[in-house]
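Please read the structure below before turning to the comments.
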Amino acid sequence: AKPVSSAAIAEQLGVSSATVRNEFSALEEAGYLRQPHTSAGRVPSERGYRRYARKFLPPGRLPAAQRTLLTESFRGAHGEGLLERVAHVTAELSGYAVVVTLPTDDELPLLEVHLSNLSSRRTLAVVVLGNGLVRQLALELSPAPTDRDLQEAENSLRRLTLPLREVPRALSDIAGRSGESVARTYRALAEAWPQLGAPRVFSGGLKGLFSEPESADPSFVRRVLERAETPGAAAEAFALMVEESLALVSAQLGFGGGRAGLLLLGPVRMRYPETLMLARGVTETVGATTDGGPN
């Protein structure tokens, strides 16, 4: 992010300064360089960065030492804890902002529901999903159900092997066939069920990205925040986008039979080879970590 003279480039390449200036003029005419204003030097355009960055697709393999580091970093992490660790470790290794998104799949089957009272007015439902993830729902029930009612509800819920989207209707049907003491637990669970539909987002590295020189531009900060808040769908493999002052590398993480999205955000002068290799290394390591099935 600092100016480089044509003389320095000429010395590094072993050519004359005139040759460098002529090549710069040709690159500018082709749209790969631009001159912000008359007295300024030339800088790569988005087209130039895009052309350069795509040279590294598909990404190379991460060195063995870094692959080992990722394996050790993710060891022992399961469920959403693994995705949270992925966001922070990837941000630390890349130096860029990282967003990991776990979308909700309404077709996931329900595995188990465990019920327990938190207080005289609140009951906790621990929901185990088909991809091995665990969700918690707080139910407002006053007075709290008795232990016998909770046990009866759990026994009925064990027989529900439905996709998540069909569970609320099934709960309402069960409530209609049950006594009032336990039916209200089913109704409260059905009412709270849509909360399971919110996608989970894990992020890291935003603070570091804001230390880049580009962060002095309010439009850069705005674009970073917009992208971090709405990362979009996960790429099927590796995707690379170069926008105005912003570069994005996205990939897909195989996770418990489902998919999570990995997005790295940085300035357009991103270290593309290293960043793409890191994205590949993270996807491979997470895939190996979760190959044994849901955790």
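Residue numbers start at 1 in each chain; chains themselves are named A, B, ... in the order of the structure tokens; ligands are numbered from 1 in the order shown.
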Checklist entry - So which residues of segment 81-259 of chain A fall under helix (DSSP H, G or I) by DSSP, listed as a PyMOL selection string? => result chain A and resi 81-94+147-157+164-176+180-197+206-209+213-216+218-229
Per residue of segment 43-123 of chain A within 12 Å of segment 153-168 of chain A, which atom pair is closest and at what distance in Å (one decimal), using only C-alpha atoms, listed by chain and increasing number, as CSV?
residue,atom,partner,partner_atom,distance
A:Thr104,CA,A:Leu164,CA,9.6
A:Asp105,CA,A:Leu164,CA,8.0
A:Asp106,CA,A:Arg165,CA,5.1
A:Glu107,CA,A:Pro163,CA,4.8
A:Leu108,CA,A:Pro163,CA,5.2
A:Pro109,CA,A:Pro163,CA,4.3
A:Leu110,CA,A:Thr161,CA,5.7
A:Leu111,CA,A:Thr161,CA,6.7
A:Glu112,CA,A:Arg158,CA,6.0
A:Val113,CA,A:Glu154,CA,6.6
A:His114,CA,A:Glu154,CA,6.4
A:Leu115,CA,A:Glu154,CA,6.9
A:Ser116,CA,A:Glu154,CA,10.0
(Q) I want to know what sits within 9 Å of segment 221-234 of chain A, based on only C-alpha atoms, with residues of the same chain fewer than 2 positions away left out; could you give that as JSON, numbers by chain? (A) {"A": [97, 98, 99, 100, 101, 103, 201, 203, 206, 209, 210, 214, 215, 216, 217, 218, 219, 236, 237, 245, 246, 250, 251, 252, 253, 259, 260, 261, 262, 263, 265, 266]}
Open item on the list: One number please: atom CA of Thr38 of chain A to atom CA of Arg51 of chain A, in Å, one decimal.
Closed with: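 Atom CA of Arg51 of chain A lies 24.8 Å from atom CA of Thr38 of chain A.
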As a ChimeraX atom specification, please: all residues of segment 42-274 of chain A that backbone DSSP puts in strand (DSSP E).
-> /A:43-44,97-102,110-117,122-129,134-140,200-204,238-243,246-255,258-266
For the selection just defined, write its residues with C-alpha atoms to a file, as an mmCIF file, in the first residue's frame.
data_model
loop_
_atom_site.group_PDB
_atom_site.id
_atom_site.type_symbol
_atom_site.label_atom_id
_atom_site.label_comp_id
_atom_site.auth_asym_id
_atom_site.auth_seq_id
_atom_site.Cartn_x
_atom_site.Cartn_y
_atom_site.Cartn_z
ATOM 1 C CA VAL A 43 -2.507 1.708 -9.582
ATOM 2 C CA PRO A 44 -4.035 -1.640 -10.617
ATOM 3 C CA ALA A 97 -12.000 -10.633 7.989
ATOM 4 C CA VAL A 98 -13.680 -14.049 7.935
ATOM 5 C CA VAL A 99 -17.366 -14.949 8.026
ATOM 6 C CA VAL A 100 -18.647 -18.519 8.410
ATOM 7 C CA THR A 101 -22.357 -18.992 7.723
ATOM 8 C CA LEU A 102 -24.383 -22.038 8.661
ATOM 9 C CA LEU A 110 -35.202 -34.136 13.936
ATOM 10 C CA LEU A 111 -33.200 -36.614 16.030
ATOM 11 C CA GLU A 112 -34.032 -35.881 19.661
ATOM 12 C CA VAL A 113 -35.612 -33.335 21.995
ATOM 13 C CA HIS A 114 -34.675 -33.184 25.670
ATOM 14 C CA LEU A 115 -36.787 -31.144 28.096
ATOM 15 C CA SER A 116 -35.868 -29.773 31.504
ATOM 16 C CA ASN A 117 -37.124 -26.986 33.752
ATOM 17 C CA ARG A 122 -39.128 -21.438 32.013
ATOM 18 C CA THR A 123 -38.451 -24.783 30.376
ATOM 19 C CA LEU A 124 -35.432 -25.600 28.228
ATOM 20 C CA ALA A 125 -35.771 -27.697 25.066
ATOM 21 C CA VAL A 126 -32.484 -29.096 23.730
ATOM 22 C CA VAL A 127 -33.005 -30.055 20.093
ATOM 23 C CA VAL A 128 -30.556 -32.382 18.311
ATOM 24 C CA LEU A 129 -30.649 -31.988 14.518
ATOM 25 C CA VAL A 134 -27.622 -28.875 18.919
ATOM 26 C CA ARG A 135 -30.082 -26.012 19.365
ATOM 27 C CA GLN A 136 -31.677 -24.684 22.537
ATOM 28 C CA LEU A 137 -35.134 -23.201 22.846
ATOM 29 C CA ALA A 138 -36.384 -21.437 25.976
ATOM 30 C CA LEU A 139 -40.102 -22.072 26.521
ATOM 31 C CA GLU A 140 -42.204 -19.725 28.637
ATOM 32 C CA ARG A 200 -25.894 -18.989 12.392
ATOM 33 C CA VAL A 201 -23.068 -16.588 11.531
ATOM 34 C CA PHE A 202 -19.564 -16.705 13.031
ATOM 35 C CA SER A 203 -17.007 -13.996 12.289
ATOM 36 C CA GLY A 204 -13.475 -12.958 13.119
ATOM 37 C CA PHE A 238 -13.958 -21.764 -4.681
ATOM 38 C CA ALA A 239 -15.199 -18.392 -5.873
ATOM 39 C CA LEU A 240 -13.260 -15.170 -6.221
ATOM 40 C CA MET A 241 -14.781 -11.716 -6.566
ATOM 41 C CA VAL A 242 -12.963 -8.429 -6.971
ATOM 42 C CA GLU A 243 -15.163 -5.423 -6.381
ATOM 43 C CA LEU A 246 -12.808 -5.110 -1.896
ATOM 44 C CA ALA A 247 -11.750 -8.699 -2.621
ATOM 45 C CA LEU A 248 -13.728 -11.755 -1.520
ATOM 46 C CA VAL A 249 -12.734 -15.424 -1.481
ATOM 47 C CA SER A 250 -15.542 -17.860 -0.734
ATOM 48 C CA ALA A 251 -15.657 -21.628 -0.352
ATOM 49 C CA GLN A 252 -17.921 -24.337 0.964
ATOM 50 C CA LEU A 253 -17.336 -26.366 4.118
ATOM 51 C CA GLY A 254 -18.717 -29.884 4.334
ATOM 52 C CA PHE A 255 -20.268 -30.064 7.762
ATOM 53 C CA GLY A 258 -24.701 -30.257 5.270
ATOM 54 C CA ARG A 259 -22.827 -27.232 4.035
ATOM 55 C CA ALA A 260 -21.471 -24.086 5.665
ATOM 56 C CA GLY A 261 -20.110 -21.056 3.833
ATOM 57 C CA LEU A 262 -16.595 -19.647 4.313
ATOM 58 C CA LEU A 263 -15.940 -16.051 3.227
ATOM 59 C CA LEU A 264 -12.674 -14.082 3.505
ATOM 60 C CA LEU A 265 -12.811 -10.316 2.933
ATOM 61 C CA GLY A 266 -9.830 -8.089 2.280
#
For this session: Find the spatial neighbours of Val182 of chain A, counting only C-alpha atoms, within a cut-off of 10 Å - ignore same-chain residues fewer than 5 positions away - and output them as a list in words.
Result: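 Here the qualifying residues turn out to be Pro145, Thr146, Arg148, Asp149, Leu150, Gln151, Glu152, Ala153, Ile174, Ala175 and Arg187 of chain A.
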Closest of A:Phe24, A:Trp193, A:Phe74, A:Tyr96 to Tyr272 of chain A, counting only C-alpha atoms, is A:Tyr96
Could you work out how far atom CA of Ser5 of chain A lies from atom CA of Gly41 of chain A, giving the answer in Å with one decimal?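 Distance between the two atoms: 8.6 Å.
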Correct to one decimal, the distance atom CA of Arg21 of chain A-atom CA of Pro267 of chain A is 25.7 Å
Quick one: residues within 6 Å of segment 277-284 of chain A, only C-alpha atoms, excluding same-chain residues fewer than 6 positions away - as a PyMOL selection string? chain A and resi 59-62+253
Written selection (C-alpha atoms) as a CSV table (one decimal), in the first residue's frame:
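result.csv written:
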chain,number,residue,atom,x,y,z
A,59,PRO,CA,-5.8,-22.8,-5.5
A,60,GLY,CA,-2.6,-24.7,-4.7
A,61,ARG,CA,-2.1,-27.0,-1.7
A,62,LEU,CA,-1.4,-25.5,1.6
A,253,LEU,CA,-17.3,-26.4,4.1
Nearest-residue call for Ala40 of chain A, choices A:Ala26, A:Val4, A:Leu57, A:Ala65, using only C-alpha atoms:
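Closest residue, counting only C-alpha atoms: A:Val4.
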message = Using only C-alpha atoms, which protein or nucleic acid residues come within 6 Å of Arg34 of chain A? Drop anything in the same chain fewer than 4 positions from it, and give the result as a PyMOL selection string.
response = chain A and resi 28+42-43+45
Can you write just those residues out, all heavy atoms, as a CSV table (one decimal), in the first residue's frame?
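Dumped to out.csv:
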chain,number,residue,atom,x,y,z
A,28,GLU,N,-2.5,0.6,-19.0
A,28,GLU,CA,-3.6,1.5,-18.7
A,28,GLU,C,-4.6,1.6,-19.9
A,28,GLU,O,-5.8,1.6,-19.6
A,28,GLU,CB,-3.0,2.9,-18.5
A,28,GLU,CG,-4.0,3.9,-18.0
A,28,GLU,CD,-3.4,5.3,-17.6
A,28,GLU,OE1,-2.2,5.4,-17.8
A,28,GLU,OE2,-4.1,6.1,-17.1
A,42,ARG,N,0.2,5.3,-11.3
A,42,ARG,CA,-0.8,4.4,-11.7
A,42,ARG,C,-1.0,3.3,-10.6
A,42,ARG,O,0.0,2.9,-10.0
A,42,ARG,CB,-0.4,3.7,-13.0
A,42,ARG,CG,-0.4,4.7,-14.2
A,42,ARG,CD,0.1,4.0,-15.4
A,42,ARG,NE,0.1,4.9,-16.6
A,42,ARG,CZ,1.1,5.7,-16.9
A,42,ARG,NH1,2.2,5.7,-16.2
A,42,ARG,NH2,1.0,6.5,-18.0
A,43,VAL,N,-2.2,2.8,-10.5
A,43,VAL,CA,-2.5,1.7,-9.6
A,43,VAL,C,-3.3,0.7,-10.4
A,43,VAL,O,-4.0,1.0,-11.3
A,43,VAL,CB,-3.3,2.2,-8.4
A,43,VAL,CG1,-2.5,3.2,-7.5
A,43,VAL,CG2,-4.7,2.8,-8.8
A,45,SER,N,-6.2,-1.6,-11.6
A,45,SER,CA,-7.7,-1.4,-11.6
A,45,SER,C,-8.3,-2.7,-11.1
A,45,SER,O,-7.6,-3.8,-10.9
A,45,SER,CB,-8.2,-1.2,-13.0
A,45,SER,OG,-7.9,-2.3,-13.8
